[in-house]
>>> print(open('final19.csv').read())   # CSV, C-alpha atoms
chain,number,residue,atom,x,y,z
N,1014,MET,CA,-4.6,-21.8,15.5
N,1015,LYS,CA,-6.3,-19.5,13.0
N,1016,LEU,CA,-7.8,-17.5,15.9
N,1017,GLN,CA,-4.4,-17.2,17.6
N,1018,ARG,CA,-2.7,-16.1,14.4
N,1019,LYS,CA,-5.4,-13.5,13.8
N,1020,ASN,CA,-5.1,-12.1,17.3
N,1021,ARG,CA,-1.4,-12.0,17.0
N,1022,LEU,CA,-1.6,-10.2,13.6
N,1023,ARG,CA,-4.1,-7.7,15.1
N,1024,ALA,CA,-1.8,-7.0,18.0
N,1025,ILE,CA,1.2,-6.5,15.7
N,1026,THR,CA,-0.6,-4.2,13.3
N,1027,ALA,CA,-2.2,-2.2,16.1
N,1028,GLY,CA,1.3,-1.6,17.6
N,1029,ALA,CA,2.5,-0.4,14.2
N,1030,LEU,CA,-0.4,1.9,13.8
N,1031,ALA,CA,0.2,3.4,17.2
N,1032,VAL,CA,3.5,4.8,16.1
N,1033,SER,CA,3.2,8.5,15.0
N,1034,GLY,CA,3.1,9.5,11.4
N,1035,VAL,CA,6.7,10.7,11.7
N,1036,LEU,CA,8.9,8.0,13.1
N,1037,VAL,CA,12.3,9.3,14.0
N,1038,LEU,CA,15.1,6.8,14.7
N,1039,THR,CA,17.9,8.1,16.9
N,1040,ALA,CA,21.2,6.7,17.8
N,1041,CYS,CA,20.0,4.4,20.5
N,1042,GLY,CA,20.2,1.1,18.7
N,1043,SER,CA,22.4,-1.8,19.9
N,1044,ASP,CA,23.7,-4.9,18.3
N,1045,ASN,CA,22.3,-6.7,21.4
N,1046,ASN,CA,18.9,-5.3,21.0
N,1047,ASN,CA,16.5,-8.2,20.7
N,1048,ASP,CA,13.4,-6.0,20.2
N,1049,SER,CA,14.2,-5.0,16.7
N,1050,GLY,CA,11.1,-6.6,15.1
N,1051,GLY,CA,11.0,-8.5,11.8
N,1052,GLY,CA,13.5,-11.2,12.8
N,1053,GLY,CA,15.0,-9.6,15.8
N,1054,SER,CA,18.8,-9.4,16.3
N,1055,LYS,CA,19.4,-11.9,13.5
N,1056,ALA,CA,17.9,-9.5,10.9
N,1057,ALA,CA,19.7,-6.5,12.4
N,1058,SER,CA,23.0,-8.4,12.3
N,1059,ASN,CA,22.7,-8.9,8.5
N,1060,ILE,CA,22.4,-5.2,7.8
N,1061,LYS,CA,25.4,-3.4,6.4
N,1062,CYS,CA,25.4,0.1,7.7
N,1063,ASP,CA,26.8,2.9,5.5
N,1064,GLY,CA,26.6,6.6,5.9
N,1065,LYS,CA,25.5,8.6,8.9
N,1066,GLY,CA,23.4,11.5,9.9
N,1067,GLN,CA,19.8,12.3,9.0
N,1068,LEU,CA,17.9,10.7,6.2
N,1069,LEU,CA,14.6,12.3,5.2
N,1070,ALA,CA,11.8,10.6,3.3
N,1071,SER,CA,8.1,11.0,2.9
N,1072,GLY,CA,5.1,9.7,0.9
N,1073,SER,CA,2.8,6.7,0.9
N,1074,SER,CA,0.7,6.2,4.1
N,1075,ALA,CA,-0.2,2.8,2.8
N,1076,GLN,CA,3.4,1.7,3.3
N,1077,LYS,CA,3.7,3.4,6.7
N,1078,ASN,CA,3.3,0.2,8.7
N,1079,ALA,CA,6.0,-1.4,6.6
N,1080,MET,CA,8.3,1.6,7.1
N,1081,ASP,CA,7.7,1.6,10.9
N,1082,LEU,CA,9.0,-2.0,11.1
N,1083,TRP,CA,11.8,-1.5,8.6
N,1084,ILE,CA,13.0,1.6,10.5
N,1085,LYS,CA,12.8,-0.2,13.8
N,1086,THR,CA,14.9,-3.1,12.6
N,1087,TYR,CA,17.4,-1.0,10.7
N,1088,GLY,CA,17.9,1.2,13.7
N,1089,ALA,CA,19.0,-1.8,15.8
N,1090,ALA,CA,22.0,-2.1,13.6
N,1091,CYS,CA,22.7,1.4,12.3
N,1092,LYS,CA,23.0,3.6,15.3
N,1093,ASP,CA,24.6,6.5,13.4
N,1094,THR,CA,21.6,7.0,11.1
N,1095,LYS,CA,18.5,9.0,12.0
N,1096,LEU,CA,15.7,8.3,9.6
N,1097,ASN,CA,12.6,10.4,9.4
N,1098,TYR,CA,9.7,9.1,7.3
N,1099,LYS,CA,6.6,11.3,7.1
N,1100,ALA,CA,3.4,9.5,5.9
N,1101,THR,CA,2.1,12.4,3.9
N,1102,GLY,CA,0.5,10.5,1.0
N,1103,SER,CA,2.1,9.4,-2.3
N,1104,GLY,CA,1.4,12.7,-4.2
N,1105,ALA,CA,2.9,14.9,-1.5
N,1106,GLY,CA,5.9,12.6,-1.1
N,1107,ILE,CA,6.7,12.7,-4.8
N,1108,GLN,CA,6.3,16.5,-4.8
N,1109,GLU,CA,8.8,16.8,-1.9
N,1110,PHE,CA,11.3,14.5,-3.6
N,1111,LEU,CA,11.0,16.5,-6.8
N,1112,GLN,CA,11.7,19.7,-4.8
N,1113,GLY,CA,14.9,18.1,-3.5
N,1114,LYS,CA,13.7,18.0,0.1
N,1115,THR,CA,14.0,14.2,0.7
N,1116,ALA,CA,16.5,11.5,-0.1
N,1117,PHE,CA,13.7,9.2,-1.5
N,1118,ALA,CA,9.9,9.1,-1.6
N,1119,GLY,CA,7.3,6.3,-1.0
N,1120,SER,CA,4.6,5.9,-3.6
N,1121,ASP,CA,1.9,3.3,-4.3
N,1122,SER,CA,2.0,4.1,-8.0
N,1123,ALA,CA,4.7,4.5,-10.5
N,1124,LEU,CA,6.0,7.9,-11.6
N,1125,LYS,CA,4.2,9.6,-14.5
N,1126,PRO,CA,6.4,10.6,-17.6
N,1127,GLU,CA,6.2,14.3,-16.6
N,1128,GLU,CA,7.4,13.5,-13.1
N,1129,VAL,CA,10.3,11.6,-14.5
N,1130,LYS,CA,11.1,14.6,-16.6
N,1131,SER,CA,10.9,17.0,-13.6
N,1132,SER,CA,13.2,14.7,-11.7
N,1133,GLU,CA,16.1,15.6,-14.0
N,1134,GLN,CA,16.4,18.9,-12.1
N,1135,VAL,CA,17.0,17.0,-8.8
N,1136,CYS,CA,18.9,13.9,-10.1
N,1137,LYS,CA,21.9,15.7,-11.7
N,1138,GLY,CA,22.9,13.6,-14.7
N,1139,GLY,CA,20.2,11.1,-14.1
N,1140,LYS,CA,16.4,10.6,-13.4
N,1141,ALA,CA,14.0,9.2,-10.8
N,1142,ILE,CA,13.3,5.5,-11.0
N,1143,ASP,CA,10.6,3.3,-9.4
N,1144,LEU,CA,11.8,0.5,-7.1
N,1145,PRO,CA,9.0,-1.8,-6.0
N,1146,MET,CA,9.5,-2.9,-2.5
N,1147,VAL,CA,6.4,-4.8,-1.2
N,1148,GLY,CA,2.9,-5.5,-2.4
N,1149,GLY,CA,-0.4,-6.3,-0.8
N,1150,PRO,CA,-4.2,-6.2,-1.0
N,1151,ILE,CA,-6.2,-3.0,-0.9
N,1152,ALA,CA,-9.1,-4.2,1.2
N,1153,VAL,CA,-12.6,-2.8,0.8
N,1154,GLY,CA,-13.8,-2.4,4.4
N,1155,PHE,CA,-17.4,-2.0,5.4
N,1156,ASN,CA,-19.6,-1.3,8.5
N,1157,VAL,CA,-23.1,-2.6,7.9
N,1158,PRO,CA,-25.0,-3.6,11.1
N,1159,GLY,CA,-26.0,-7.3,11.1
N,1160,VAL,CA,-23.8,-8.1,8.1
N,1161,ASP,CA,-20.6,-10.1,8.7
N,1162,LYS,CA,-19.9,-11.3,5.3
N,1163,LEU,CA,-20.4,-9.3,2.1
N,1164,THR,CA,-19.6,-10.1,-1.6
N,1165,LEU,CA,-19.4,-7.4,-4.2
N,1166,ASN,CA,-18.1,-7.2,-7.8
N,1167,ALA,CA,-16.3,-4.4,-9.7
N,1168,ASP,CA,-19.6,-3.2,-11.3
N,1169,VAL,CA,-21.3,-2.7,-8.0
N,1170,LEU,CA,-18.3,-1.2,-6.4
N,1171,GLY,CA,-18.0,1.3,-9.2
N,1172,LYS,CA,-21.6,2.3,-8.8
N,1173,ILE,CA,-21.3,2.6,-5.0
N,1174,PHE,CA,-18.3,4.9,-5.2
N,1175,ASN,CA,-19.8,6.9,-8.0
N,1176,SER,CA,-23.0,7.5,-5.9
N,1177,GLU,CA,-25.3,5.5,-8.3
N,1178,ILE,CA,-26.1,2.8,-5.7
N,1179,LYS,CA,-27.1,4.5,-2.5
N,1180,LYS,CA,-28.7,1.9,-0.2
N,1181,TRP,CA,-27.3,-1.3,1.3
N,1182,ASP,CA,-30.5,-3.2,0.3
N,1183,ASP,CA,-30.1,-2.2,-3.4
N,1184,PRO,CA,-31.2,-5.1,-5.7
N,1185,ALA,CA,-27.7,-5.3,-7.2
N,1186,ILE,CA,-26.1,-5.9,-3.8
N,1187,LYS,CA,-28.9,-8.4,-2.8
N,1188,ALA,CA,-28.3,-10.4,-5.9
N,1189,LEU,CA,-24.7,-11.0,-4.8
N,1190,ASN,CA,-25.7,-11.7,-1.2
N,1191,LYS,CA,-28.8,-13.8,-1.2
N,1192,ASP,CA,-28.4,-15.1,2.4
N,1193,ALA,CA,-27.5,-11.7,4.0
N,1194,LYS,CA,-30.0,-9.5,5.9
N,1195,LEU,CA,-29.2,-6.2,4.2
N,1196,PRO,CA,-30.7,-3.2,5.9
N,1197,SER,CA,-32.4,-0.3,4.2
N,1198,LEU,CA,-29.5,1.9,5.3
N,1199,LYS,CA,-27.8,4.8,3.4
N,1200,ILE,CA,-24.3,3.9,2.0
N,1201,GLN,CA,-21.6,6.2,3.4
N,1202,ALA,CA,-18.8,5.9,0.8
N,1203,PHE,CA,-15.5,7.4,1.9
N,1204,HIS,CA,-12.5,8.2,-0.3
N,1205,ARG,CA,-9.1,9.8,0.2
N,1206,SER,CA,-9.0,13.6,0.4
N,1207,ASP,CA,-5.3,13.7,-0.3
N,1208,GLU,CA,-3.6,12.5,-3.5
N,1209,SER,CA,-2.9,8.9,-3.0
N,1210,GLY,CA,-1.4,5.9,-4.7
N,1211,THR,CA,-4.0,3.8,-3.0
N,1212,THR,CA,-6.7,5.8,-4.8
N,1213,ASP,CA,-4.7,5.4,-8.0
N,1214,ASN,CA,-4.6,1.6,-7.7
N,1215,PHE,CA,-8.2,1.3,-6.5
N,1216,THR,CA,-9.5,3.3,-9.5
N,1217,LYS,CA,-7.2,1.4,-11.9
N,1218,TYR,CA,-9.0,-1.7,-10.7
N,1219,LEU,CA,-12.4,-0.2,-11.2
N,1220,LYS,CA,-11.5,1.1,-14.7
N,1221,ALA,CA,-10.0,-2.2,-15.8
N,1222,ALA,CA,-12.7,-4.5,-14.4
N,1223,ALA,CA,-15.9,-2.3,-14.8
N,1224,PRO,CA,-15.2,0.5,-17.3
N,1225,LYS,CA,-19.0,1.3,-17.7
N,1226,ALA,CA,-19.7,1.6,-14.0
N,1227,TRP,CA,-16.5,3.7,-13.5
N,1228,PRO,CA,-16.3,6.2,-16.3
N,1229,HIS,CA,-13.5,8.3,-14.7
N,1230,GLU,CA,-9.8,8.1,-15.5
N,1231,PRO,CA,-7.7,6.5,-12.8
N,1232,GLY,CA,-5.4,8.8,-10.8
N,1233,LYS,CA,-4.1,9.8,-7.3
N,1234,ALA,CA,-6.8,12.4,-7.0
N,1235,TRP,CA,-10.4,11.2,-6.5
N,1236,GLU,CA,-12.7,11.8,-9.5
N,1237,GLY,CA,-15.8,9.9,-8.4
N,1238,LYS,CA,-19.1,11.7,-7.8
N,1239,GLY,CA,-20.3,12.4,-4.3
N,1240,GLY,CA,-19.1,10.5,-1.3
N,1241,GLN,CA,-17.2,11.8,1.7
N,1242,SER,CA,-13.5,12.2,2.2
N,1243,ALA,CA,-10.8,11.7,4.9
N,1244,ASP,CA,-7.1,12.1,5.0
N,1245,GLY,CA,-4.8,9.2,4.7
N,1246,SER,CA,-5.4,5.4,5.1
N,1247,SER,CA,-5.8,6.0,8.8
N,1248,GLY,CA,-8.5,8.6,8.2
N,1249,VAL,CA,-10.7,6.6,5.9
N,1250,SER,CA,-10.4,3.4,7.9
N,1251,SER,CA,-11.3,5.3,11.1
N,1252,GLN,CA,-14.5,6.5,9.4
N,1253,VAL,CA,-15.5,3.0,8.4
N,1254,LYS,CA,-14.9,1.9,12.0
N,1255,GLN,CA,-17.0,4.6,13.4
N,1256,VAL,CA,-19.8,5.3,10.9
N,1257,SER,CA,-22.7,3.0,10.4
N,1258,GLY,CA,-23.2,2.2,6.7
N,1259,ALA,CA,-19.7,3.1,5.8
N,1260,ILE,CA,-17.5,1.6,3.1
N,1261,SER,CA,-14.0,2.6,1.9
N,1262,TYR,CA,-10.6,1.2,0.6
N,1263,PHE,CA,-7.3,0.9,2.4
N,1264,GLU,CA,-4.5,-1.7,2.7
N,1265,LEU,CA,-5.3,-4.8,4.7
N,1266,SER,CA,-3.2,-3.9,7.7
N,1267,TYR,CA,-5.6,-1.1,8.6
N,1268,ALA,CA,-8.6,-3.4,8.4
N,1269,THR,CA,-6.8,-6.0,10.6
N,1270,ALA,CA,-5.7,-3.5,13.2
N,1271,ASN,CA,-9.1,-2.0,13.5
N,1272,SER,CA,-11.2,-5.2,13.3
N,1273,ILE,CA,-12.9,-4.0,10.2
N,1274,LYS,CA,-14.8,-6.5,8.0
N,1275,THR,CA,-13.7,-6.7,4.4
N,1276,VAL,CA,-15.5,-7.4,1.1
N,1277,ASP,CA,-15.0,-10.6,-0.8
N,1278,LEU,CA,-14.7,-10.0,-4.5
N,1279,ASP,CA,-16.7,-11.7,-7.2
N,1280,THR,CA,-14.1,-11.5,-10.0
N,1281,GLY,CA,-15.7,-14.1,-12.3
N,1282,ALA,CA,-13.6,-16.8,-10.8
N,1283,SER,CA,-15.1,-20.0,-9.6
N,1284,ALA,CA,-15.6,-18.5,-6.1
N,1285,PRO,CA,-15.5,-15.0,-4.5
N,1286,VAL,CA,-12.0,-14.1,-3.4
N,1287,GLN,CA,-11.0,-12.8,0.0
N,1288,ALA,CA,-8.6,-9.9,0.7
N,1289,THR,CA,-5.6,-11.9,2.0
N,1290,VAL,CA,-1.8,-11.6,1.5
N,1291,GLU,CA,-1.7,-15.0,-0.2
N,1292,ASN,CA,-4.5,-14.1,-2.7
N,1293,ALA,CA,-2.9,-10.7,-3.4
N,1294,SER,CA,0.4,-12.5,-4.1
N,1295,LYS,CA,-1.3,-14.6,-6.7
N,1296,ALA,CA,-2.4,-11.5,-8.5
N,1297,ILE,CA,0.9,-9.7,-8.2
N,1298,SER,CA,2.8,-12.7,-9.5
N,1299,GLU,CA,1.0,-12.0,-12.9
N,1300,ALA,CA,2.5,-8.5,-13.0
N,1301,LYS,CA,4.9,-7.5,-15.8
N,1302,ILE,CA,7.8,-5.1,-15.6
N,1303,LYS,CA,7.0,-2.1,-17.8
N,1304,GLY,CA,10.0,0.0,-16.8
N,1305,THR,CA,13.3,0.1,-18.6
N,1306,GLY,CA,16.8,0.0,-17.4
N,1307,SER,CA,17.0,0.4,-13.6
N,1308,ASP,CA,13.3,1.5,-13.5
N,1309,LEU,CA,11.1,-1.4,-12.4
N,1310,ALA,CA,7.6,0.0,-12.6
N,1311,LEU,CA,5.1,-2.9,-12.8
N,1312,ASP,CA,1.9,-3.5,-14.8
N,1313,LEU,CA,-0.5,-5.1,-12.4
N,1314,ALA,CA,-3.3,-7.5,-13.5
N,1315,TYR,CA,-6.3,-5.6,-12.1
N,1316,ASP,CA,-8.8,-7.5,-14.2
N,1317,THR,CA,-7.5,-11.1,-13.5
N,1318,LYS,CA,-10.2,-13.8,-13.2
N,1319,ALA,CA,-7.8,-16.4,-12.0
N,1320,ASP,CA,-9.1,-18.6,-9.1
N,1321,GLY,CA,-7.8,-17.3,-5.7
N,1322,ALA,CA,-6.3,-14.1,-7.2
N,1323,TYR,CA,-7.4,-10.9,-5.4
N,1324,PRO,CA,-7.1,-8.2,-8.0
N,1325,ILE,CA,-7.3,-4.9,-5.9
N,1326,THR,CA,-3.6,-4.8,-5.1
N,1327,LEU,CA,-0.9,-2.2,-4.8
N,1328,VAL,CA,2.8,-2.4,-5.0
N,1329,THR,CA,4.5,0.2,-3.0
N,1330,TYR,CA,7.6,1.9,-4.6
N,1331,GLU,CA,10.5,3.8,-3.3
N,1332,ILE,CA,11.4,6.6,-5.6
N,1333,ALA,CA,15.1,7.5,-5.9
N,1334,CYS,CA,17.6,8.9,-8.4
N,1335,ASP,CA,19.4,6.4,-10.6
N,1336,LYS,CA,22.2,8.9,-10.8
N,1337,GLY,CA,22.8,12.2,-9.1
N,1338,ASN,CA,21.7,11.3,-5.6
N,1339,LYS,CA,23.0,13.8,-3.0
N,1340,ALA,CA,26.5,12.7,-1.8
N,1341,SER,CA,25.5,13.5,1.8
N,1342,THR,CA,22.7,10.9,1.8
N,1343,LEU,CA,23.6,8.4,-1.0
N,1344,ALA,CA,25.4,5.9,1.3
N,1345,ALA,CA,22.7,5.8,3.9
N,1346,THR,CA,20.0,5.6,1.2
N,1347,LYS,CA,21.6,2.6,-0.4
N,1348,SER,CA,22.2,0.9,2.9
N,1349,PHE,CA,18.6,1.3,4.0
N,1350,LEU,CA,17.1,0.3,0.7
N,1351,THR,CA,19.4,-2.7,0.5
N,1352,TYR,CA,18.0,-3.9,3.7
N,1353,VAL,CA,14.4,-3.2,2.7
N,1354,ALA,CA,14.9,-5.2,-0.5
N,1355,SER,CA,16.7,-8.1,1.2
N,1356,GLU,CA,15.1,-11.4,2.1
N,1357,ASP,CA,15.0,-10.4,5.8
N,1358,GLY,CA,13.3,-7.1,4.9
N,1359,GLN,CA,10.8,-8.7,2.7
N,1360,THR,CA,9.8,-11.7,4.8
N,1361,SER,CA,9.4,-9.6,7.9
N,1362,LEU,CA,6.3,-8.0,6.5
N,1363,LYS,CA,4.1,-11.0,6.0
N,1364,GLU,CA,2.4,-10.7,9.4
N,1365,LEU,CA,1.6,-7.0,8.8
N,1366,GLY,CA,-0.7,-7.9,5.9
N,1367,TYR,CA,1.8,-7.2,3.1
N,1368,ALA,CA,2.9,-9.6,0.3
N,1369,PRO,CA,6.7,-9.9,-0.3
N,1370,LEU,CA,7.9,-9.4,-3.8
N,1371,PRO,CA,8.1,-12.4,-6.2
N,1372,THR,CA,11.7,-13.6,-6.2
N,1373,GLU,CA,12.5,-12.6,-9.8
N,1374,ILE,CA,11.3,-9.0,-9.2
N,1375,ALA,CA,13.1,-8.8,-5.8
N,1376,ASN,CA,16.4,-9.8,-7.3
N,1377,LYS,CA,16.1,-7.1,-9.9
N,1378,VAL,CA,15.3,-4.5,-7.2
N,1379,ARG,CA,18.5,-5.5,-5.4
N,1380,GLU,CA,20.5,-5.0,-8.5
N,1381,SER,CA,18.9,-1.5,-9.1
N,1382,VAL,CA,19.6,-0.4,-5.5
N,1383,LYS,CA,23.2,-1.5,-5.8
N,1384,SER,CA,23.6,0.6,-9.0
N,1385,LEU,CA,22.4,3.9,-7.4
N,1386,SER,CA,25.0,6.6,-7.7
>>> encode(input="final19.csv", output="structure tokens")
Amino acid sequence: MKLQRKNRLRAITAGALAVSGVLVLTACGSDNNNDSGGGGSKAASNIKCDGKGQLLASGSSAQKNAMDLWIKTYGAACKDTKLNYKATGSGAGIQEFLQGKTAFAGSDSALKPEEVKSSEQVCKGGKAIDLPMVGGPIAVGFNVPGVDKLTLNADVLGKIFNSEIKKWDDPAIKALNKDAKLPSLKIQAFHRSDESGTTDNFTKYLKAAAPKAWPHEPGKAWEGKGGQSADGSSGVSSQVKQVSGAISYFELSYATANSIKTVDLDTGASAPVQATVENASKAISEAKIKGTGSDLALDLAYDTKADGAYPITLVTYEIACDKGNKASTLAATKSFLTYVASEDGQTSLKELGYAPLPTEIANKVRESVKSLS
């Protein structure tokens, strides 16, 4: 059964990844369309369609697979809406939103204070808020010939991505993998070339769990020494797939779709923790809401040592105005985000390697979406 489920997951995620970076939904949906994904016609029939025309959004590539599925299901119900989501990366998505080019943005990290301030120019009479939509593990994928199972900790990961550990048979790696046949092979560490919320969350983990090994400040832009870069989650995962000795970070769905092996983390818990949806959910459930009012930015527990909790997680946000949304897109934005935050929208993503929001947080997101004006 586990093998069947894994193969099914791989097929689903491969299909999602095959969709282009810009997925355009035109008015071809039908209430009788049973190929809507994420619950089929039942999920589509529960969607309340408001607004019409074109809805532009951009940002996070880590949430692209989720967006593909959400858009497909939403389109089965809302034939008058054309939704265009470009997976440009979180930094570029926020920039376009702040320039007034999009109805909302996707981001894997919450807005900075200066970005909230800038949003007042776009959100007339209001400001931008963070709406968490779905979480999941950031997997650390590796390609080391002859090694199928690999355990690393935050200290070793920090030194690998800061170019201080350069060979796969380094004593620090050997100490964590006593039964593995580690080759004397150069480590090829890849990071994102674009500004990325995935990078932000990964470096927040390194800083929280291994501050001495990772002396840099967390952020969307890469600050580590050396290494190689590639664009987007698809770019770095492709490099790991192709390059012997490679290692990088990307959300779990890219690892699953590309049959990339992932690192187990030694967090100090009783046993190393695998990158799974269930284990990420355990870590996300420890998150605290740090936003105020309608803003629901989360403070994630990157340094958790709880058994079975995988700490390298991201929560993907949609960024919208609390007040002052454009009248031409407000109805469609609320309609789409209402579906995304719904039980159908959340549970549809489990097989893509994402973790649905904890119930308490999901309920607050629904209230915030309802209040958009």
>>> residues_near_point(input="final19.csv", point="(17.7, 2.5, -11.4)", cutoff="8 Å", atoms="only C-alpha atoms", output="list of chain:residue names")
N:Ala1141, N:Ile1142, N:Asp1143, N:Leu1144, N:Gly1306, N:Ser1307, N:Asp1308, N:Leu1309, N:Ala1333, N:Cys1334, N:Asp1335, N:Lys1336, N:Ser1381, N:Val1382, N:Ser1384, N:Leu1385
>>> closest_atom_pairs(input="final19.csv", of="region 1188-1261 of chain N", to="region 1069-1091 of chain N", cutoff="8 Å", atoms="all atoms listed in the file", output="JSON lines")
{"residue": "N:Ser1209", "atom": "CA", "partner": "N:Ser1073", "partner_atom": "CA", "distance": 7.2}
{"residue": "N:Gly1210", "atom": "CA", "partner": "N:Ser1073", "partner_atom": "CA", "distance": 7.0}
{"residue": "N:Thr1211", "atom": "CA", "partner": "N:Ala1075", "partner_atom": "CA", "distance": 7.0}
{"residue": "N:Gly1245", "atom": "CA", "partner": "N:Ser1074", "partner_atom": "CA", "distance": 6.3}
{"residue": "N:Ser1246", "atom": "CA", "partner": "N:Ser1074", "partner_atom": "CA", "distance": 6.2}
>>> closest_atom_pairs(input="final19.csv", of="region 1103-1183 of chain N", to="region 1261-1277 of chain N", cutoff="6 Å", atoms="all atoms listed in the file", output="tab-separated table")
residue	atom	partner	partner_atom	distance
N:Pro1150	CA	N:Glu1264	CA	5.8
N:Ile1151	CA	N:Glu1264	CA	4.2
N:Ala1152	CA	N:Leu1265	CA	5.2
N:Val1153	CA	N:Tyr1262	CA	4.5
N:Gly1154	CA	N:Thr1275	CA	4.3
N:Phe1155	CA	N:Lys1274	CA	5.8
N:Leu1163	CA	N:Val1276	CA	5.3
N:Thr1164	CA	N:Asp1277	CA	4.7
>>> residues_around(input="final19.csv", residues="region 1231-1243 of chain N", least_positions_apart="6", cutoff="12 Å", atoms="only C-alpha atoms", output="short mmCIF file (atom, residue, chain, number, x, y, z; two decimals) with C-alpha atoms, keeping the file's coordinate frame")
data_model
loop_
_atom_site.label_atom_id
_atom_site.label_comp_id
_atom_site.auth_asym_id
_atom_site.auth_seq_id
_atom_site.Cartn_x
_atom_site.Cartn_y
_atom_site.Cartn_z
CA SER N 1073 2.80 6.70 0.90
CA GLY N 1102 0.50 10.50 1.00
CA SER N 1103 2.10 9.40 -2.30
CA GLY N 1104 1.40 12.70 -4.20
CA ALA N 1105 2.90 14.90 -1.50
CA ILE N 1107 6.70 12.70 -4.80
CA SER N 1120 4.60 5.90 -3.60
CA ASP N 1121 1.90 3.30 -4.30
CA SER N 1122 2.00 4.10 -8.00
CA ALA N 1123 4.70 4.50 -10.50
CA LEU N 1124 6.00 7.90 -11.60
CA LYS N 1125 4.20 9.60 -14.50
CA LEU N 1170 -18.30 -1.20 -6.40
CA GLY N 1171 -18.00 1.30 -9.20
CA LYS N 1172 -21.60 2.30 -8.80
CA ILE N 1173 -21.30 2.60 -5.00
CA PHE N 1174 -18.30 4.90 -5.20
CA ASN N 1175 -19.80 6.90 -8.00
CA SER N 1176 -23.00 7.50 -5.90
CA GLU N 1177 -25.30 5.50 -8.30
CA ILE N 1178 -26.10 2.80 -5.70
CA LYS N 1179 -27.10 4.50 -2.50
CA LYS N 1199 -27.80 4.80 3.40
CA ILE N 1200 -24.30 3.90 2.00
CA GLN N 1201 -21.60 6.20 3.40
CA ALA N 1202 -18.80 5.90 0.80
CA PHE N 1203 -15.50 7.40 1.90
CA HIS N 1204 -12.50 8.20 -0.30
CA ARG N 1205 -9.10 9.80 0.20
CA SER N 1206 -9.00 13.60 0.40
CA ASP N 1207 -5.30 13.70 -0.30
CA GLU N 1208 -3.60 12.50 -3.50
CA SER N 1209 -2.90 8.90 -3.00
CA GLY N 1210 -1.40 5.90 -4.70
CA THR N 1211 -4.00 3.80 -3.00
CA THR N 1212 -6.70 5.80 -4.80
CA ASP N 1213 -4.70 5.40 -8.00
CA ASN N 1214 -4.60 1.60 -7.70
CA PHE N 1215 -8.20 1.30 -6.50
CA THR N 1216 -9.50 3.30 -9.50
CA LYS N 1217 -7.20 1.40 -11.90
CA TYR N 1218 -9.00 -1.70 -10.70
CA LEU N 1219 -12.40 -0.20 -11.20
CA LYS N 1220 -11.50 1.10 -14.70
CA ALA N 1221 -10.00 -2.20 -15.80
CA PRO N 1224 -15.20 0.50 -17.30
CA VAL N 1249 -10.70 6.60 5.90
CA SER N 1250 -10.40 3.40 7.90
CA SER N 1251 -11.30 5.30 11.10
CA GLN N 1252 -14.50 6.50 9.40
CA VAL N 1253 -15.50 3.00 8.40
CA VAL N 1256 -19.80 5.30 10.90
CA ALA N 1259 -19.70 3.10 5.80
CA ILE N 1260 -17.50 1.60 3.10
CA SER N 1261 -14.00 2.60 1.90
CA TYR N 1262 -10.60 1.20 0.60
CA PHE N 1263 -7.30 0.90 2.40
#
>>> closest_residue(input="final19.csv", among="N:Asn1190, N:Gln1112, N:Ser1283, N:Ser1298", to="Cys1136 (chain N)", atoms="only C-alpha atoms")
N:Gln1112
>>> residues_around(input="final19.csv", residues="region 1345-1358 of chain N", least_positions_apart="2", cutoff="6 Å", atoms="all atoms listed in the file", output="list in words")
Ala1056, Cys1062, Asp1063, Gly1064, Thr1342, Leu1343, Thr1360 and Ser1361 of chain N
>>> closest_residue(input="final19.csv", among="N:Asn1059, N:Lys1092, N:Asp1183, N:Ser1257", to="Gly1159 (chain N)", atoms="all atoms listed in the file")
N:Ser1257
>>> closest_residue(input="final19.csv", among="N:Ala1293, N:Ala1100, N:Ile1302, N:Ala1185", to="Asp1320 (chain N)", atoms="all atoms listed in the file")
N:Ala1293
>>> closest_residue(input="final19.csv", among="N:Leu1198, N:Ala1167, N:Glu1380, N:Gly1149", to="Glu1364 (chain N)", atoms="all atoms listed in the file")
N:Gly1149
>>> atom_distance(input="final19.csv", atom1="CA of Lys1295 (chain N)", atom2="CA of Ile1325 (chain N)")
11.4 Å
>>> residues_around(input="final19.csv", residues="Ala1193 (chain N)", least_positions_apart="2", cutoff="12 Å", atoms="all atoms listed in the file", output="ChimeraX atom specification")
/N:1157-1164,1181-1182,1186-1191,1195-1196
>>> atom_distance(input="final19.csv", atom1="CA of Glu1291 (chain N)", atom2="CA of Val1328 (chain N)")
14.2 Å
>>> residues_around(input="final19.csv", residues="region 1313-1316 of chain N", least_positions_apart="3", cutoff="7 Å", atoms="all atoms listed in the file", output="PDB file with C-alpha atoms, in the frame of the given file")
ATOM      1  CA  TYR N1218      -9.000  -1.700 -10.700  1.00  0.00           C
ATOM      2  CA  ALA N1221     -10.000  -2.200 -15.800  1.00  0.00           C
ATOM      3  CA  ALA N1222     -12.700  -4.500 -14.400  1.00  0.00           C
ATOM      4  CA  ALA N1296      -2.400 -11.500  -8.500  1.00  0.00           C
ATOM      5  CA  ILE N1297       0.900  -9.700  -8.200  1.00  0.00           C
ATOM      6  CA  GLU N1299       1.000 -12.000 -12.900  1.00  0.00           C
ATOM      7  CA  ALA N1300       2.500  -8.500 -13.000  1.00  0.00           C
ATOM      8  CA  LYS N1301       4.900  -7.500 -15.800  1.00  0.00           C
ATOM      9  CA  PRO N1324      -7.100  -8.200  -8.000  1.00  0.00           C
ATOM     10  CA  ILE N1325      -7.300  -4.900  -5.900  1.00  0.00           C
TER      11      ILE N1325
END
>>> atom_distance(input="final19.csv", atom1="CA of Gly1106 (chain N)", atom2="CA of Gly1119 (chain N)")
6.5 Å
